Amino acid sequence: MIPFTKYQGLGNDFVLIDNRTQPEPMLSSEQARQVCDRNFGIGGDGVIFLLPSTSQPHAMRIFNNDGSEAQMCGNGIRCLAKFMRELNIPTEDGGYSIETKAGLIVPRFDGEQVTVDMGLPRLRAEEIPTTLVPKGGKVLNLPLPAPWSRFNVTLVSMGNPHAVIFVDDLNAVDLVNWGPAIESHPAFPERTNVHFVQVLNPTHLKVKVWERGAGPTLACGTGACAILVAAVLNQKAEKRATVELPGGPLEIDWHDNDHVFMTGPAQKVFVGQLSVS
Ligand code: ZDP
């Protein structure tokens, strides 16, 4: 039996496992997929492992609910910070230094909220990755190739790929058809997370999320950061704004040092023992 704790951040929900006794996740990606199944498993948008690290005090890895591995997870890292506090892991400077496949991420407690230094946004084609423009190029409000050319995308990596599409009316977005088509569009060799964004005003953006490997979720923390960066680069938002996701708001702040900070909630839901086969 494997002890786990279920957390959610704005309705983006995760199974968290204390994996500090061994360097590799104790579940295979196929087992993680089963655990995330809402009928045959616990249910979740992903499984997050707290791992030992060689270069930082802690490390994390995340599997999406289709079994694929993501580099990072903004809502998940807030959940992980609360989980670590629950495990009585001492903080340094009010937070934790966590190595991820998107680099060093530092969540800090701010009352019951968690503020996370999500690092630098990356814009170059090879960093996304995308084949839409040559190496070194950026994709700022450019059309996708036909038959999807009615969508202009801005591409931002927060360690994981995000395609941001600005729309006039969020209600007119056909998320379940457009989301997967853009996620797996040939311009994105590693697929992409997809966000449709309506700008209510320069400090308030409203979003519908289609997550790579997880489908329509209630929130995406890395996505909210990518959305704010995309909106600033397209002169649609200020560098500090509220990104309203279906599950609730995140405060995003693109600092002068170029790092993006995300503030939002995370909550423990239940603990249990997982039997795996
Ligand atoms: O990049 C991906 O494959 C995402 N599905 C990872 C999960 C991102 C997440 N929603 C977030 O909050 O950043 C957890």
# chains A, B, ... in the order shown; residues from 1 in each chain; ligands from 1

$ residues_near_ligand --ligand "ligand 1" --cutoff "7 Å" --atoms "only C-alpha atoms and all ligand atoms" --output "VMD selection string"
chain A and resid 12 64 69 to 76 160 to 161 192 to 193 211 to 214 219 to 223

$ write_last_selection --atoms "N, CA, C and O atoms" --output "mmCIF file, in the first residue's frame"
data_model
loop_
_atom_site.group_PDB
_atom_site.id
_atom_site.type_symbol
_atom_site.label_atom_id
_atom_site.label_comp_id
_atom_site.auth_asym_id
_atom_site.auth_seq_id
_atom_site.Cartn_x
_atom_site.Cartn_y
_atom_site.Cartn_z
ATOM 1 N N ASN A 12 -7.981 22.223 -9.794
ATOM 2 C CA ASN A 12 -6.998 21.408 -10.517
ATOM 3 C C ASN A 12 -6.507 20.427 -9.445
ATOM 4 O O ASN A 12 -5.919 20.845 -8.443
ATOM 5 N N ASN A 64 0.843 13.640 -16.029
ATOM 6 C CA ASN A 64 -0.529 14.031 -16.367
ATOM 7 C C ASN A 64 -1.455 12.816 -16.269
ATOM 8 O O ASN A 64 -1.006 11.676 -16.182
ATOM 9 N N GLU A 69 4.499 12.776 -19.062
ATOM 10 C CA GLU A 69 5.154 13.543 -18.008
ATOM 11 C C GLU A 69 5.230 15.014 -18.406
ATOM 12 O O GLU A 69 5.599 15.343 -19.532
ATOM 13 N N ALA A 70 4.858 15.911 -17.501
ATOM 14 C CA ALA A 70 4.981 17.349 -17.743
ATOM 15 C C ALA A 70 6.238 17.847 -17.040
ATOM 16 O O ALA A 70 6.677 17.272 -16.043
ATOM 17 N N GLN A 71 6.818 18.943 -17.564
ATOM 18 C CA GLN A 71 8.032 19.500 -16.953
ATOM 19 C C GLN A 71 7.693 20.178 -15.639
ATOM 20 O O GLN A 71 8.476 20.216 -14.708
ATOM 21 N N MET A 72 6.499 20.793 -15.583
ATOM 22 C CA MET A 72 6.154 21.626 -14.423
ATOM 23 C C MET A 72 4.648 21.673 -14.265
ATOM 24 O O MET A 72 3.903 21.290 -15.153
ATOM 25 N N CYS A 73 4.237 22.214 -13.122
ATOM 26 C CA CYS A 73 2.829 22.271 -12.816
ATOM 27 C C CYS A 73 2.622 23.358 -11.771
ATOM 28 O O CYS A 73 3.036 23.198 -10.619
ATOM 29 N N GLY A 74 2.062 24.471 -12.186
ATOM 30 C CA GLY A 74 1.929 25.629 -11.296
ATOM 31 C C GLY A 74 0.965 25.400 -10.144
ATOM 32 O O GLY A 74 1.279 25.692 -8.986
ATOM 33 N N ASN A 75 -0.212 24.876 -10.448
ATOM 34 C CA ASN A 75 -1.151 24.584 -9.366
ATOM 35 C C ASN A 75 -0.612 23.460 -8.502
ATOM 36 O O ASN A 75 -0.773 23.458 -7.279
ATOM 37 N N GLY A 76 0.006 22.495 -9.154
ATOM 38 C CA GLY A 76 0.547 21.347 -8.436
ATOM 39 C C GLY A 76 1.651 21.736 -7.467
ATOM 40 O O GLY A 76 1.753 21.180 -6.374
ATOM 41 N N ASN A 160 7.005 24.328 -19.666
ATOM 42 C CA ASN A 160 6.101 23.523 -20.492
ATOM 43 C C ASN A 160 5.429 24.454 -21.514
ATOM 44 O O ASN A 160 5.394 25.675 -21.336
ATOM 45 N N PRO A 161 4.949 23.876 -22.614
ATOM 46 C CA PRO A 161 4.480 24.721 -23.723
ATOM 47 C C PRO A 161 3.033 25.215 -23.568
ATOM 48 O O PRO A 161 2.159 24.474 -23.123
ATOM 49 N N THR A 192 0.891 20.797 -26.973
ATOM 50 C CA THR A 192 0.910 22.052 -26.204
ATOM 51 C C THR A 192 -0.347 22.169 -25.349
ATOM 52 O O THR A 192 -1.391 21.587 -25.672
ATOM 53 N N ASN A 193 -0.244 22.904 -24.246
ATOM 54 C CA ASN A 193 -1.419 23.347 -23.505
ATOM 55 C C ASN A 193 -2.056 24.476 -24.313
ATOM 56 O O ASN A 193 -1.371 25.219 -25.015
ATOM 57 N N GLU A 211 -5.777 21.421 -21.267
ATOM 58 C CA GLU A 211 -4.420 21.029 -20.884
ATOM 59 C C GLU A 211 -3.900 19.867 -21.709
ATOM 60 O O GLU A 211 -4.612 18.876 -21.899
ATOM 61 N N ARG A 212 -2.643 20.032 -22.111
ATOM 62 C CA ARG A 212 -1.931 18.911 -22.737
ATOM 63 C C ARG A 212 -1.992 17.699 -21.812
ATOM 64 O O ARG A 212 -1.671 17.798 -20.628
ATOM 65 N N GLY A 213 -2.430 16.577 -22.332
ATOM 66 C CA GLY A 213 -2.394 15.338 -21.551
ATOM 67 C C GLY A 213 -3.448 15.233 -20.484
ATOM 68 O O GLY A 213 -3.494 14.251 -19.746
ATOM 69 N N ALA A 214 -4.313 16.226 -20.341
ATOM 70 C CA ALA A 214 -5.327 16.173 -19.275
ATOM 71 C C ALA A 214 -6.690 16.698 -19.731
ATOM 72 O O ALA A 214 -7.693 16.464 -19.074
ATOM 73 N N ALA A 219 -8.188 24.725 -13.949
ATOM 74 C CA ALA A 219 -7.159 25.756 -13.776
ATOM 75 C C ALA A 219 -5.811 25.238 -14.248
ATOM 76 O O ALA A 219 -5.574 24.032 -14.265
ATOM 77 N N CYS A 220 -4.944 26.166 -14.599
ATOM 78 C CA CYS A 220 -3.580 25.805 -15.008
ATOM 79 C C CYS A 220 -2.658 26.929 -14.568
ATOM 80 O O CYS A 220 -2.755 28.061 -15.067
ATOM 81 N N GLY A 221 -1.794 26.660 -13.606
ATOM 82 C CA GLY A 221 -0.933 27.697 -13.036
ATOM 83 C C GLY A 221 0.156 28.150 -13.987
ATOM 84 O O GLY A 221 0.368 29.357 -14.170
ATOM 85 N N THR A 222 0.861 27.183 -14.603
ATOM 86 C CA THR A 222 1.866 27.583 -15.598
ATOM 87 C C THR A 222 1.166 28.335 -16.726
ATOM 88 O O THR A 222 1.687 29.320 -17.253
ATOM 89 N N GLY A 223 -0.055 27.868 -17.067
ATOM 90 C CA GLY A 223 -0.825 28.527 -18.129
ATOM 91 C C GLY A 223 -1.166 29.962 -17.778
ATOM 92 O O GLY A 223 -1.049 30.865 -18.612
#

$ residues_around --residues "Pro180 of chain A" --least-positions-apart "3" --cutoff "8 Å" --atoms "only C-alpha atoms" --output "ChimeraX atom specification"
/A:176-177,183-184,210,215

$ closest_residue --among "A:Ser157, A:Asn201, A:Asn152, A:Ser275" --to "Val260 of chain A" --atoms "only C-alpha atoms"
A:Ser157

$ select_by_dssp --residues "segment 203-277 of chain A" --states "strand (DSSP E or B)" --output "PyMOL selection string"
chain A and resi 204-211+215+240-245+248-254+260-264+267-274

$ select_by_dssp --residues "segment 119-227 of chain A" --states "alpha helix (DSSP H)" --output "PDB file with C-alpha atoms, in the first residue's frame"
ATOM      1  CA  LEU A 175     -13.208  24.011 -26.218  1.00  0.00           C
ATOM      2  CA  VAL A 176     -13.728  20.248 -26.640  1.00  0.00           C
ATOM      3  CA  ASN A 177     -13.269  20.430 -30.403  1.00  0.00           C
ATOM      4  CA  TRP A 178     -10.705  23.205 -30.781  1.00  0.00           C
ATOM      5  CA  GLY A 179      -8.623  22.284 -27.695  1.00  0.00           C
ATOM      6  CA  PRO A 180      -7.455  18.805 -28.762  1.00  0.00           C
ATOM      7  CA  ALA A 181      -6.947  19.876 -32.404  1.00  0.00           C
ATOM      8  CA  ILE A 182      -4.545  22.631 -31.348  1.00  0.00           C
ATOM      9  CA  GLU A 183      -2.936  20.502 -28.589  1.00  0.00           C
ATOM     10  CA  GLY A 221      -0.933  27.697 -13.036  1.00  0.00           C
ATOM     11  CA  THR A 222       1.866  27.583 -15.598  1.00  0.00           C
ATOM     12  CA  GLY A 223      -0.825  28.527 -18.129  1.00  0.00           C
ATOM     13  CA  ALA A 224      -1.939  31.575 -16.132  1.00  0.00           C
ATOM     14  CA  CYS A 225       1.689  32.810 -16.116  1.00  0.00           C
ATOM     15  CA  ALA A 226       2.054  32.189 -19.861  1.00  0.00           C
ATOM     16  CA  ILE A 227      -1.257  34.011 -20.492  1.00  0.00           C
TER      17      ILE A 227
END

$ decode --residues "segment 48-80 of chain A" --atoms "N, CA and C atoms" --output "PDB file, in the first residue's frame"
ATOM      1  N   ILE A  48       1.739  13.729  -8.472  1.00  0.00           N
ATOM      2  CA  ILE A  48       2.970  14.480  -8.193  1.00  0.00           C
ATOM      3  C   ILE A  48       3.791  13.734  -7.151  1.00  0.00           C
ATOM      4  N   PHE A  49       5.082  13.586  -7.453  1.00  0.00           N
ATOM      5  CA  PHE A  49       5.989  12.865  -6.561  1.00  0.00           C
ATOM      6  C   PHE A  49       6.977  13.844  -5.940  1.00  0.00           C
ATOM      7  N   LEU A  50       7.099  13.783  -4.614  1.00  0.00           N
ATOM      8  CA  LEU A  50       8.145  14.523  -3.905  1.00  0.00           C
ATOM      9  C   LEU A  50       9.359  13.610  -3.818  1.00  0.00           C
ATOM     10  N   LEU A  51      10.460  14.055  -4.450  1.00  0.00           N
ATOM     11  CA  LEU A  51      11.630  13.187  -4.617  1.00  0.00           C
ATOM     12  C   LEU A  51      12.848  13.777  -3.925  1.00  0.00           C
ATOM     13  N   PRO A  52      13.844  12.931  -3.611  1.00  0.00           N
ATOM     14  CA  PRO A  52      15.121  13.474  -3.166  1.00  0.00           C
ATOM     15  C   PRO A  52      15.813  14.116  -4.366  1.00  0.00           C
ATOM     16  N   SER A  53      16.713  15.061  -4.126  1.00  0.00           N
ATOM     17  CA  SER A  53      17.392  15.744  -5.223  1.00  0.00           C
ATOM     18  C   SER A  53      18.878  15.811  -4.942  1.00  0.00           C
ATOM     19  N   THR A  54      19.674  15.856  -5.986  1.00  0.00           N
ATOM     20  CA  THR A  54      21.116  15.973  -5.793  1.00  0.00           C
ATOM     21  C   THR A  54      21.542  17.432  -5.701  1.00  0.00           C
ATOM     22  N   SER A  55      20.877  18.314  -6.477  1.00  0.00           N
ATOM     23  CA  SER A  55      21.340  19.704  -6.549  1.00  0.00           C
ATOM     24  C   SER A  55      20.552  20.661  -5.661  1.00  0.00           C
ATOM     25  N   GLN A  56      19.325  20.323  -5.307  1.00  0.00           N
ATOM     26  CA  GLN A  56      18.483  21.181  -4.465  1.00  0.00           C
ATOM     27  C   GLN A  56      18.012  20.364  -3.270  1.00  0.00           C
ATOM     28  N   PRO A  57      17.463  21.028  -2.246  1.00  0.00           N
ATOM     29  CA  PRO A  57      16.957  20.241  -1.114  1.00  0.00           C
ATOM     30  C   PRO A  57      15.849  19.256  -1.533  1.00  0.00           C
ATOM     31  N   HIS A  58      15.047  19.613  -2.555  1.00  0.00           N
ATOM     32  CA  HIS A  58      13.904  18.768  -2.924  1.00  0.00           C
ATOM     33  C   HIS A  58      13.744  18.745  -4.441  1.00  0.00           C
ATOM     34  N   ALA A  59      12.998  17.735  -4.910  1.00  0.00           N
ATOM     35  CA  ALA A  59      12.690  17.674  -6.338  1.00  0.00           C
ATOM     36  C   ALA A  59      11.267  17.176  -6.512  1.00  0.00           C
ATOM     37  N   MET A  60      10.664  17.514  -7.633  1.00  0.00           N
ATOM     38  CA  MET A  60       9.324  17.005  -7.934  1.00  0.00           C
ATOM     39  C   MET A  60       9.245  16.509  -9.366  1.00  0.00           C
ATOM     40  N   ARG A  61       8.367  15.516  -9.581  1.00  0.00           N
ATOM     41  CA  ARG A  61       8.009  15.129 -10.947  1.00  0.00           C
ATOM     42  C   ARG A  61       6.502  14.984 -11.013  1.00  0.00           C
ATOM     43  N   ILE A  62       5.958  15.216 -12.189  1.00  0.00           N
ATOM     44  CA  ILE A  62       4.502  15.108 -12.351  1.00  0.00           C
ATOM     45  C   ILE A  62       4.143  14.321 -13.605  1.00  0.00           C
ATOM     46  N   PHE A  63       3.191  13.395 -13.438  1.00  0.00           N
ATOM     47  CA  PHE A  63       2.576  12.736 -14.581  1.00  0.00           C
ATOM     48  C   PHE A  63       1.184  13.312 -14.772  1.00  0.00           C
ATOM     49  N   ASN A  64       0.843  13.640 -16.029  1.00  0.00           N
ATOM     50  CA  ASN A  64      -0.529  14.031 -16.367  1.00  0.00           C
ATOM     51  C   ASN A  64      -1.455  12.816 -16.269  1.00  0.00           C
ATOM     52  N   ASN A  65      -2.763  13.067 -16.377  1.00  0.00           N
ATOM     53  CA  ASN A  65      -3.678  11.932 -16.212  1.00  0.00           C
ATOM     54  C   ASN A  65      -3.739  10.997 -17.419  1.00  0.00           C
ATOM     55  N   ASP A  66      -3.037  11.342 -18.513  1.00  0.00           N
ATOM     56  CA  ASP A  66      -2.905  10.369 -19.610  1.00  0.00           C
ATOM     57  C   ASP A  66      -1.594   9.578 -19.504  1.00  0.00           C
ATOM     58  N   GLY A  67      -0.836   9.798 -18.421  1.00  0.00           N
ATOM     59  CA  GLY A  67       0.418   9.070 -18.217  1.00  0.00           C
ATOM     60  C   GLY A  67       1.641   9.786 -18.767  1.00  0.00           C
ATOM     61  N   SER A  68       1.447  10.863 -19.553  1.00  0.00           N
ATOM     62  CA  SER A  68       2.604  11.609 -20.060  1.00  0.00           C
ATOM     63  C   SER A  68       3.218  12.420 -18.919  1.00  0.00           C
ATOM     64  N   GLU A  69       4.499  12.776 -19.062  1.00  0.00           N
ATOM     65  CA  GLU A  69       5.154  13.543 -18.008  1.00  0.00           C
ATOM     66  C   GLU A  69       5.230  15.014 -18.406  1.00  0.00           C
ATOM     67  N   ALA A  70       4.858  15.911 -17.501  1.00  0.00           N
ATOM     68  CA  ALA A  70       4.981  17.349 -17.743  1.00  0.00           C
ATOM     69  C   ALA A  70       6.238  17.847 -17.040  1.00  0.00           C
ATOM     70  N   GLN A  71       6.818  18.943 -17.564  1.00  0.00           N
ATOM     71  CA  GLN A  71       8.032  19.500 -16.953  1.00  0.00           C
ATOM     72  C   GLN A  71       7.693  20.178 -15.639  1.00  0.00           C
ATOM     73  N   MET A  72       6.499  20.793 -15.583  1.00  0.00           N
ATOM     74  CA  MET A  72       6.154  21.626 -14.423  1.00  0.00           C
ATOM     75  C   MET A  72       4.648  21.673 -14.265  1.00  0.00           C
ATOM     76  N   CYS A  73       4.237  22.214 -13.122  1.00  0.00           N
ATOM     77  CA  CYS A  73       2.829  22.271 -12.816  1.00  0.00           C
ATOM     78  C   CYS A  73       2.622  23.358 -11.771  1.00  0.00           C
ATOM     79  N   GLY A  74       2.062  24.471 -12.186  1.00  0.00           N
ATOM     80  CA  GLY A  74       1.929  25.629 -11.296  1.00  0.00           C
ATOM     81  C   GLY A  74       0.965  25.400 -10.144  1.00  0.00           C
ATOM     82  N   ASN A  75      -0.212  24.876 -10.448  1.00  0.00           N
ATOM     83  CA  ASN A  75      -1.151  24.584  -9.366  1.00  0.00           C
ATOM     84  C   ASN A  75      -0.612  23.460  -8.502  1.00  0.00           C
ATOM     85  N   GLY A  76       0.006  22.495  -9.154  1.00  0.00           N
ATOM     86  CA  GLY A  76       0.547  21.347  -8.436  1.00  0.00           C
ATOM     87  C   GLY A  76       1.651  21.736  -7.467  1.00  0.00           C
ATOM     88  N   ILE A  77       2.480  22.717  -7.830  1.00  0.00           N
ATOM     89  CA  ILE A  77       3.603  23.075  -6.954  1.00  0.00           C
ATOM     90  C   ILE A  77       3.081  23.795  -5.702  1.00  0.00           C
ATOM     91  N   ARG A  78       1.966  24.525  -5.821  1.00  0.00           N
ATOM     92  CA  ARG A  78       1.363  25.111  -4.610  1.00  0.00           C
ATOM     93  C   ARG A  78       0.855  23.988  -3.702  1.00  0.00           C
ATOM     94  N   CYS A  79       0.213  22.981  -4.328  1.00  0.00           N
ATOM     95  CA  CYS A  79      -0.248  21.822  -3.554  1.00  0.00           C
ATOM     96  C   CYS A  79       0.938  21.125  -2.898  1.00  0.00           C
ATOM     97  N   LEU A  80       2.032  20.976  -3.652  1.00  0.00           N
ATOM     98  CA  LEU A  80       3.221  20.302  -3.118  1.00  0.00           C
ATOM     99  C   LEU A  80       3.784  21.062  -1.921  1.00  0.00           C
TER     100      LEU A  80
END
